[in-house]
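Working notes for the structure below.
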Amino acid sequence: MDKTTAGGLAGVWGLVALAIVLGGAGFGAYIDIPSVIIVFGGTAAVTMASFEGDTMKNFGKSIGVGMNEVKVEPIPDLIEKLIIYATDIKKNGVMSVESKIQQETNPFFKEAMNLLVDNTKPDVLENLLEIKLEHMEIRHKTQISVFGSIGGSAGAMGMIGTLVGLVAMLANLSDPSAVGPAMAVALLTTMYGALIGTGFAGVFESKLEQKHAKEMIASQIIIQGAHMIAAEESIGNIKMKLGAIMQSTEE
Amino acid sequence: MDKTTAGGLAGVWGLVALAIVLGGAGFGAYIDIPSVIIVFGGTAAVTMASFEGDTMKNFGKSIGVGMNEVKVEPIPDLIEKLIIYATDIKKNGVMSVESKIQQETNPFFKEAMNLLVDNTKPDVLENLLEIKLEHMEIRHKTQISVFGSIGGSAGAMGMIGTLVGLVAMLANLSDPSAVGPAMAVALLTTMYGALIGTGFAGVFESKLEQKHAKEMIASQIIIQGAHMIAAEESIGNIKMKLGAIMQSTEE
Amino acid sequence: MDKTTAGGLAGVWGLVALAIVLGGAGFGAYIDIPSVIIVFGGTAAVTMASFEGDTMKNFGKSIGVGMNEVKVEPIPDLIEKLIIYATDIKKNGVMSVESKIQQETNPFFKEAMNLLVDNTKPDVLENLLEIKLEHMEIRHKTQISVFGSIGGSAGAMGMIGTLVGLVAMLANLSDPSAVGPAMAVALLTTMYGALIGTGFAGVFESKLEQKHAKEMIASQIIIQGAHMIAAEESIGNIKMKLGAIMQSTEE
Amino acid sequence: MDKTTAGGLAGVWGLVALAIVLGGAGFGAYIDIPSVIIVFGGTAAVTMASFEGDTMKNFGKSIGVGMNEVKVEPIPDLIEKLIIYATDIKKNGVMSVESKIQQETNPFFKEAMNLLVDNTKPDVLENLLEIKLEHMEIRHKTQISVFGSIGGSAGAMGMIGTLVGLVAMLANLSDPSAVGPAMAVALLTTMYGALIGTGFAGVFESKLEQKHAKEMIASQIIIQGAHMIAAEESIGNIKMKLGAIMQSTEE
Amino acid sequence: MDKTTAGGLAGVWGLVALAIVLGGAGFGAYIDIPSVIIVFGGTAAVTMASFEGDTMKNFGKSIGVGMNEVKVEPIPDLIEKLIIYATDIKKNGVMSVESKIQQETNPFFKEAMNLLVDNTKPDVLENLLEIKLEHMEIRHKTQISVFGSIGGSAGAMGMIGTLVGLVAMLANLSDPSAVGPAMAVALLTTMYGALIGTGFAGVFESKLEQKHAKEMIASQIIIQGAHMIAAEESIGNIKMKLGAIMQSTEE
């Protein structure tokens, strides 16, 4: 569980609920089934129509990534691990790490080490891992853009719902006492749209971008490390190069 | 038929219709012929004036692409097919695949294979296919930008229509009972503009971008594959390189 | 005359006029001299202040480019012409096309052919034409950005005009019957600003970008063709390379 | 004095003044000291806090650049001058132009010519001038961004001022006759913000960008010319290359 | 203490307070605990949910960087120092500066000089420092983006708060005299959101970007200088190259 995502989301929705309670009109005034249908249903429909089926299938997985800790370890730990692998391979040959690799959880790290075990040439190894990384990036960006699209659609559907409500109210002004409540209901769709955009879509879009950026940096470090090991560079060199990265994340 | 496009669009418009029914003012309150004319006609006129004639001629084709399944197969199937072709050519020579190529439906794949049959040199083949891809991309981007333009124009024409209606209403405030209905009508153009933008232009813009991105990735894989076949690389190498792409689309 | 520009613009303004007529308040309600002055005059003044004198001098020329057919022929015709020139030069020497070149209307094509006649080396020819193209692009972009600036300024001046009107109205609320008409007049500037932005500036910005993009593609094809002719490549090669471009514009 | 800047600014502010006079509420209705303080003072404070001290120190200089003619001559004159220098140096040696250089007013041109006199090698000369140009660009962009920031801050402070005024008015609704004038005053800050953004910040942002673009093009031509002179290219070559640029600015 | 940040922020908030005092409704009208909770709390919650834990941990440090003078010296001083180091090393060998380096405060300068002392090869030194710089940039950009996110979230939470308040007010229109104060309170959240965005988030976002840009330029000059020293270029060359940068920051 990613504590900042869970805690932050609980905070946003809790505070909105608190503001409603303190406002004194009661929760009932903020719930209107037709408004829920047009904003939540409409946003879902627009999003479904805007993306391909396989992108939609991975939507639940994206939510999971946003709610859970990213699978990559901190950069300093990753660098330390790379240096340990480099030292082991230097001393005992590449076969000595084969069984250890199978216990790694980061699939990109595992793939890089397996290529080392297969004695892949440094340039081929680098090329293969970069192709993988590039395609991973394209896929991640598409999944992240779903949340940007949801935020925009929710705002637009909220505005459309408010216009539908305003037109209905204005077309029948015979009972002045009904104007207030009717406008209140009309505004609910705008509020729902803003809440979806701010308290869901925006949060996941940003959080997934952060996690993606972290994974990209880690993967690039893995590529550099694996390349240096494959090129049989000295442990000193590997330490110096990866050390420069580590220091700069601490300053 | 692309089920997500069709289903999503049906959902958006169905839900808006449902919200109107639940709003209780009746469909009649939401239909106003002059408002339809200024928003739909005005958006069409602005779009026509903003693009060249040949871009406009392909507009119907763009709608078709958005509503139908993209013609490229999934990446893993495409890669498998490339490996089969590579193996066939390695074993039985390039002539053995000539008749099979004529049954392919993806024109870019067909062109790439035909160049192989013509014994085009690897670099010339790559260069030709990249020129084709580049020009295809320019053309696609232009067609996609039509939808972005429609979304913007519809919003602007909706606002202009509302201003035209408000001025008419405010200039004649003699009958207060007419204010409500007049404002309701004035707001309709804004609503139409938002509906065109959200439930049509935005959906097709995004969907076409998704399909274009898919086609670009597939085409680049075809270029890589055809280049490796032309360069007579080993089947093992081809499998490894294309395999790195395939894995990354599944993780 | 570019039929889509002329027809589209006539459509937009005709439809707005129609909406005004159908609105029933009469044209008089939509014309207010001080509002015209602040929006049209103000937009002109801001635009003048925002650009250099020589950019302003070419403004009329930009309008002309937007209203007329672009001077470049369709890509397939251009490619065919290049192949004819290449064949002529191959058969009868470069001097044989000298008189034909003088009848060409596209100045970039003419310049490229003249460089061929002067026996310019392939790389020098390519370099010179690319410098020309780059500077042409910078100049076009500046001229196009004038229309983007006009759209933004018109919207801003419209809003300022509305605020000026609202303040005047609110400061003198003594006669309630004057409130409606005064607000109607105040809204006119916003409407004028939106009309300038949507029915003039936006249209020309987009249309000029489309024509510029077409001219860039044609010019790049001319550079490629002229370079291949200067490098004395075989007619077969030239046909294949330019053919790849032509096909991709038809698919 | 740059006539378009001066004339355009005079036009904008004059037309707003005219609109106020024609509106009939008198200038007094548009001046409110607290509103002036919060918008003008607030914008200045936000801008000061957002930039570094040395950027702020150059603010007056930026205004001067926007109000005055740019110091670079038109491209055709510049090219002609470069060709004259090239011819002089070819004929009489580099020392012959030394005294003439001291009378040049464009510092970048002067620096380039001084490097020629010092017999700097072509590549070193190009490299040095490009470093200079790059740092000049960074500095210019920072100074230009100050105006973009002012436009945004003025709009935001205008909105904050209006909200402060609306809250004050709404909290004390006891006297209905005061509502109109109070709202008029509240709207003034929004109007001030829009005026600063449109009639000052936006104008200078655009004008400085135009002048910067002109200076960049001129400087790049100077680098190309000086490099060709240093590389002792033939006058014919220099003329042809610089001529290609000149033609493209006239078409 | 960075005087422009501190002075500017004091100015903004002081002027808003002054405007409130001059508005006459008293400070009490502008403070509403539920509004404070939903905007400040909600913005904090959204920001926390949008970023990773380690980014959040460095938030206080970012505030400190914005409030204090940047640790890099002015470019001319830095260049002078580099030339002094270069001269010392040329004359007395690299060991002669070892103790002086330990007194430097800019960690990037220190690192560069330490690599010189370790006799690192020019290209390795350049490569290592560029890796460091690249990772420093990624980290800085992430930290800066937190403020952009805060500005957006504050505006959105302000709007949500106003909608919550409006719905509560409109649902209970029985007491007309309560409408004004209720709307006043509803608008407070929008005002709080705008104040956080303009008078805090926007200021720090811009100021940190300015300081980051300054540090990047200084670091790139350090890399260039250290590389030239390591490559044992002549003092004359080093002076000329770094001098070109210095001049361009003064023009």
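Residues in the structure tokens are numbered from 1 in each chain, the chains being A, B, ... in the order shown, and ligands are numbered from 1 in the order shown.
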
Interface, chain C side, toward chain B (7 Å; only C-alpha atoms) as a PDB file with N, CA and C atoms, in the first residue's frame:
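Okay, this is what ended up in result.pdb:
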ATOM      1  N   THR C   4     -12.815  26.907 -50.109  1.00  0.00           N
ATOM      2  CA  THR C   4     -13.171  26.547 -48.725  1.00  0.00           C
ATOM      3  C   THR C   4     -13.063  27.767 -47.809  1.00  0.00           C
ATOM      4  N   THR C   5     -12.030  28.615 -47.994  1.00  0.00           N
ATOM      5  CA  THR C   5     -11.920  29.805 -47.148  1.00  0.00           C
ATOM      6  C   THR C   5     -13.117  30.722 -47.383  1.00  0.00           C
ATOM      7  N   ALA C   6     -13.349  31.046 -48.649  1.00  0.00           N
ATOM      8  CA  ALA C   6     -14.413  31.994 -48.978  1.00  0.00           C
ATOM      9  C   ALA C   6     -15.779  31.451 -48.556  1.00  0.00           C
ATOM     10  N   GLY C   7     -16.042  30.189 -48.915  1.00  0.00           N
ATOM     11  CA  GLY C   7     -17.338  29.599 -48.575  1.00  0.00           C
ATOM     12  C   GLY C   7     -17.527  29.480 -47.070  1.00  0.00           C
ATOM     13  N   GLY C   8     -16.466  29.032 -46.374  1.00  0.00           N
ATOM     14  CA  GLY C   8     -16.561  28.855 -44.931  1.00  0.00           C
ATOM     15  C   GLY C   8     -16.814  30.176 -44.220  1.00  0.00           C
ATOM     16  N   LEU C   9     -16.053  31.222 -44.612  1.00  0.00           N
ATOM     17  CA  LEU C   9     -16.234  32.529 -43.968  1.00  0.00           C
ATOM     18  C   LEU C   9     -17.635  33.073 -44.234  1.00  0.00           C
ATOM     19  N   GLY C  11     -20.215  31.349 -44.789  1.00  0.00           N
ATOM     20  CA  GLY C  11     -21.115  30.537 -43.976  1.00  0.00           C
ATOM     21  C   GLY C  11     -21.185  31.021 -42.535  1.00  0.00           C
ATOM     22  N   VAL C  12     -20.007  31.218 -41.904  1.00  0.00           N
ATOM     23  CA  VAL C  12     -19.988  31.615 -40.485  1.00  0.00           C
ATOM     24  C   VAL C  12     -20.747  32.915 -40.281  1.00  0.00           C
ATOM     25  N   LEU C  15     -24.490  32.692 -41.019  1.00  0.00           N
ATOM     26  CA  LEU C  15     -25.250  31.985 -39.988  1.00  0.00           C
ATOM     27  C   LEU C  15     -25.437  32.841 -38.742  1.00  0.00           C
ATOM     28  N   VAL C  16     -24.401  33.620 -38.387  1.00  0.00           N
ATOM     29  CA  VAL C  16     -24.546  34.520 -37.239  1.00  0.00           C
ATOM     30  C   VAL C  16     -25.627  35.560 -37.551  1.00  0.00           C
ATOM     31  N   ALA C  19     -28.962  33.941 -37.242  1.00  0.00           N
ATOM     32  CA  ALA C  19     -29.335  33.739 -35.838  1.00  0.00           C
ATOM     33  C   ALA C  19     -29.837  35.044 -35.233  1.00  0.00           C
ATOM     34  N   ILE C  20     -29.208  36.149 -35.625  1.00  0.00           N
ATOM     35  CA  ILE C  20     -29.642  37.460 -35.123  1.00  0.00           C
ATOM     36  C   ILE C  20     -31.056  37.753 -35.623  1.00  0.00           C
ATOM     37  N   LEU C  22     -33.358  35.593 -36.617  1.00  0.00           N
ATOM     38  CA  LEU C  22     -34.297  34.675 -35.966  1.00  0.00           C
ATOM     39  C   LEU C  22     -34.505  35.031 -34.501  1.00  0.00           C
ATOM     40  N   GLY C  23     -33.491  35.669 -33.881  1.00  0.00           N
ATOM     41  CA  GLY C  23     -33.599  36.058 -32.473  1.00  0.00           C
ATOM     42  C   GLY C  23     -34.652  37.132 -32.250  1.00  0.00           C
ATOM     43  N   ALA C  25     -34.572  40.456 -32.175  1.00  0.00           N
ATOM     44  CA  ALA C  25     -34.311  41.782 -31.603  1.00  0.00           C
ATOM     45  C   ALA C  25     -33.864  42.781 -32.674  1.00  0.00           C
ATOM     46  N   ALA C  29     -29.924  46.076 -32.502  1.00  0.00           N
ATOM     47  CA  ALA C  29     -29.547  45.729 -31.126  1.00  0.00           C
ATOM     48  C   ALA C  29     -28.129  45.193 -31.044  1.00  0.00           C
ATOM     49  N   GLY C 180     -31.315  46.338 -18.335  1.00  0.00           N
ATOM     50  CA  GLY C 180     -31.295  45.335 -19.406  1.00  0.00           C
ATOM     51  C   GLY C 180     -30.554  45.823 -20.635  1.00  0.00           C
ATOM     52  N   PRO C 181     -31.019  46.894 -21.262  1.00  0.00           N
ATOM     53  CA  PRO C 181     -30.326  47.387 -22.468  1.00  0.00           C
ATOM     54  C   PRO C 181     -28.849  47.693 -22.232  1.00  0.00           C
ATOM     55  N   MET C 183     -26.818  46.249 -20.094  1.00  0.00           N
ATOM     56  CA  MET C 183     -26.074  44.975 -20.042  1.00  0.00           C
ATOM     57  C   MET C 183     -25.955  44.363 -21.433  1.00  0.00           C
ATOM     58  N   ALA C 184     -27.032  44.535 -22.229  1.00  0.00           N
ATOM     59  CA  ALA C 184     -26.988  44.024 -23.601  1.00  0.00           C
ATOM     60  C   ALA C 184     -25.815  44.652 -24.351  1.00  0.00           C
ATOM     61  N   LEU C 187     -22.450  43.385 -23.185  1.00  0.00           N
ATOM     62  CA  LEU C 187     -22.086  42.050 -23.681  1.00  0.00           C
ATOM     63  C   LEU C 187     -21.637  42.070 -25.141  1.00  0.00           C
ATOM     64  N   MET C 191     -19.044  39.639 -27.446  1.00  0.00           N
ATOM     65  CA  MET C 191     -19.484  38.956 -28.663  1.00  0.00           C
ATOM     66  C   MET C 191     -18.606  39.340 -29.858  1.00  0.00           C
ATOM     67  N   ALA C 194     -15.303  37.509 -29.563  1.00  0.00           N
ATOM     68  CA  ALA C 194     -15.403  36.086 -29.902  1.00  0.00           C
ATOM     69  C   ALA C 194     -15.565  35.894 -31.402  1.00  0.00           C
ATOM     70  N   THR C 198     -13.067  33.722 -33.629  1.00  0.00           N
ATOM     71  CA  THR C 198     -13.527  32.475 -34.258  1.00  0.00           C
ATOM     72  C   THR C 198     -13.711  32.604 -35.763  1.00  0.00           C
ATOM     73  N   GLY C 199     -14.334  33.714 -36.191  1.00  0.00           N
ATOM     74  CA  GLY C 199     -14.712  33.833 -37.601  1.00  0.00           C
ATOM     75  C   GLY C 199     -13.705  34.595 -38.448  1.00  0.00           C
ATOM     76  N   VAL C 203      -9.595  31.189 -38.178  1.00  0.00           N
ATOM     77  CA  VAL C 203      -9.696  30.616 -39.526  1.00  0.00           C
ATOM     78  C   VAL C 203      -8.416  30.867 -40.319  1.00  0.00           C
ATOM     79  N   PHE C 204      -7.948  32.127 -40.311  1.00  0.00           N
ATOM     80  CA  PHE C 204      -6.744  32.426 -41.095  1.00  0.00           C
ATOM     81  C   PHE C 204      -5.509  31.768 -40.496  1.00  0.00           C
ATOM     82  N   SER C 206      -5.339  28.897 -38.936  1.00  0.00           N
ATOM     83  CA  SER C 206      -5.341  27.489 -39.319  1.00  0.00           C
ATOM     84  C   SER C 206      -5.097  27.317 -40.818  1.00  0.00           C
ATOM     85  N   LYS C 207      -5.777  28.121 -41.627  1.00  0.00           N
ATOM     86  CA  LYS C 207      -5.637  27.976 -43.084  1.00  0.00           C
ATOM     87  C   LYS C 207      -4.201  28.250 -43.531  1.00  0.00           C
ATOM     88  N   GLN C 210      -2.048  25.318 -42.695  1.00  0.00           N
ATOM     89  CA  GLN C 210      -2.256  24.220 -43.637  1.00  0.00           C
ATOM     90  C   GLN C 210      -1.491  24.470 -44.931  1.00  0.00           C
ATOM     91  N   LYS C 241      12.047   6.335 -55.144  1.00  0.00           N
ATOM     92  CA  LYS C 241      12.064   7.142 -53.930  1.00  0.00           C
ATOM     93  C   LYS C 241      10.870   8.096 -53.908  1.00  0.00           C
ATOM     94  N   ALA C 244       7.495   6.317 -53.405  1.00  0.00           N
ATOM     95  CA  ALA C 244       7.129   5.935 -52.037  1.00  0.00           C
ATOM     96  C   ALA C 244       6.359   7.065 -51.357  1.00  0.00           C
ATOM     97  N   ILE C 245       6.747   8.298 -51.654  1.00  0.00           N
ATOM     98  CA  ILE C 245       6.038   9.446 -51.082  1.00  0.00           C
ATOM     99  C   ILE C 245       4.634   9.532 -51.672  1.00  0.00           C
ATOM    100  N   SER C 248       2.058   7.046 -50.358  1.00  0.00           N
ATOM    101  CA  SER C 248       1.621   7.279 -48.981  1.00  0.00           C
ATOM    102  C   SER C 248       0.647   8.452 -48.878  1.00  0.00           C
ATOM    103  N   THR C 249       0.566   9.304 -49.912  1.00  0.00           N
ATOM    104  CA  THR C 249      -0.402  10.410 -49.850  1.00  0.00           C
ATOM    105  C   THR C 249      -1.757   9.973 -50.384  1.00  0.00           C
TER     106      THR C 249
END

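What separates CA of Ile196 in chain B from CA of Leu18 in chain B is a distance of 17.4 Å.
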
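CA of Pro122 in chain A sits 5.3 Å away from CA of His227 in chain A.
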
If you run DSSP over the backbone, which residues in range 13-166 of chain C end up helix (DSSP H, G or I)? Put them as a count of residues only. 129

Contact residues around Met95 in chain B with only C-alpha atoms at 12 Å, ignoring same-chain residues under 5 positions, as a list in words: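 Counting only the stated atoms, we get Tyr85, Asp88, Ile89, Lys90, Lys100, Ile101, Met113, Asn114, Leu115, Leu116, Val117, Asp118 and Asn119 of chain B.
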
Got time to write the residues from that selection, N, CA, C and O atoms, as an mmCIF file, in the first residue's frame?
data_model
loop_
_atom_site.group_PDB
_atom_site.id
_atom_site.type_symbol
_atom_site.label_atom_id
_atom_site.label_comp_id
_atom_site.auth_asym_id
_atom_site.auth_seq_id
_atom_site.Cartn_x
_atom_site.Cartn_y
_atom_site.Cartn_z
ATOM 1 N N TYR B 85 7.743 -15.450 -41.712
ATOM 2 C CA TYR B 85 8.256 -15.012 -43.020
ATOM 3 C C TYR B 85 9.776 -15.148 -43.076
ATOM 4 O O TYR B 85 10.347 -15.625 -44.061
ATOM 5 N N ASP B 88 10.707 -18.812 -43.461
ATOM 6 C CA ASP B 88 10.387 -19.258 -44.824
ATOM 7 C C ASP B 88 11.428 -18.779 -45.832
ATOM 8 O O ASP B 88 11.901 -19.543 -46.682
ATOM 9 N N ILE B 89 11.758 -17.473 -45.741
ATOM 10 C CA ILE B 89 12.704 -16.886 -46.698
ATOM 11 C C ILE B 89 14.082 -17.526 -46.540
ATOM 12 O O ILE B 89 14.768 -17.824 -47.514
ATOM 13 N N LYS B 90 14.492 -17.740 -45.267
ATOM 14 C CA LYS B 90 15.784 -18.374 -44.984
ATOM 15 C C LYS B 90 15.848 -19.770 -45.615
ATOM 16 O O LYS B 90 16.864 -20.148 -46.213
ATOM 17 N N LYS B 100 1.999 -15.675 -50.920
ATOM 18 C CA LYS B 100 1.436 -15.447 -49.585
ATOM 19 C C LYS B 100 1.262 -13.940 -49.311
ATOM 20 O O LYS B 100 0.300 -13.514 -48.679
ATOM 21 N N ILE B 101 2.232 -13.140 -49.795
ATOM 22 C CA ILE B 101 2.208 -11.695 -49.549
ATOM 23 C C ILE B 101 0.938 -11.060 -50.116
ATOM 24 O O ILE B 101 0.367 -10.158 -49.503
ATOM 25 N N MET B 113 7.215 -6.394 -47.617
ATOM 26 C CA MET B 113 7.528 -7.729 -48.130
ATOM 27 C C MET B 113 7.816 -7.682 -49.637
ATOM 28 O O MET B 113 8.711 -8.352 -50.127
ATOM 29 N N ASN B 114 7.040 -6.865 -50.369
ATOM 30 C CA ASN B 114 7.296 -6.733 -51.804
ATOM 31 C C ASN B 114 8.704 -6.209 -52.071
ATOM 32 O O ASN B 114 9.364 -6.638 -53.028
ATOM 33 N N LEU B 115 9.153 -5.275 -51.237
ATOM 34 C CA LEU B 115 10.525 -4.762 -51.403
ATOM 35 C C LEU B 115 11.537 -5.887 -51.171
ATOM 36 O O LEU B 115 12.579 -5.942 -51.822
ATOM 37 N N LEU B 116 11.224 -6.795 -50.216
ATOM 38 C CA LEU B 116 12.110 -7.936 -49.981
ATOM 39 C C LEU B 116 12.166 -8.831 -51.222
ATOM 40 O O LEU B 116 13.244 -9.268 -51.628
ATOM 41 N N VAL B 117 10.979 -9.100 -51.779
ATOM 42 C CA VAL B 117 10.904 -9.941 -52.980
ATOM 43 C C VAL B 117 11.710 -9.320 -54.127
ATOM 44 O O VAL B 117 12.344 -10.032 -54.910
ATOM 45 N N ASP B 118 11.683 -7.966 -54.210
ATOM 46 C CA ASP B 118 12.442 -7.272 -55.266
ATOM 47 C C ASP B 118 13.935 -7.216 -54.966
ATOM 48 O O ASP B 118 14.685 -6.506 -55.656
ATOM 49 N N ASN B 119 14.357 -7.899 -53.873
ATOM 50 C CA ASN B 119 15.785 -7.898 -53.500
ATOM 51 C C ASN B 119 16.350 -6.505 -53.244
ATOM 52 O O ASN B 119 17.500 -6.209 -53.561
#

Contacts of Ile229 in chain C at 12 Å or less, counting only C-alpha atoms, minus same-chain residues fewer than 2 places along, as number ranges by chain? C: 82-90, 93-94, 112-113, 115-117, 119-123, 125-126, 222-227, 231-239
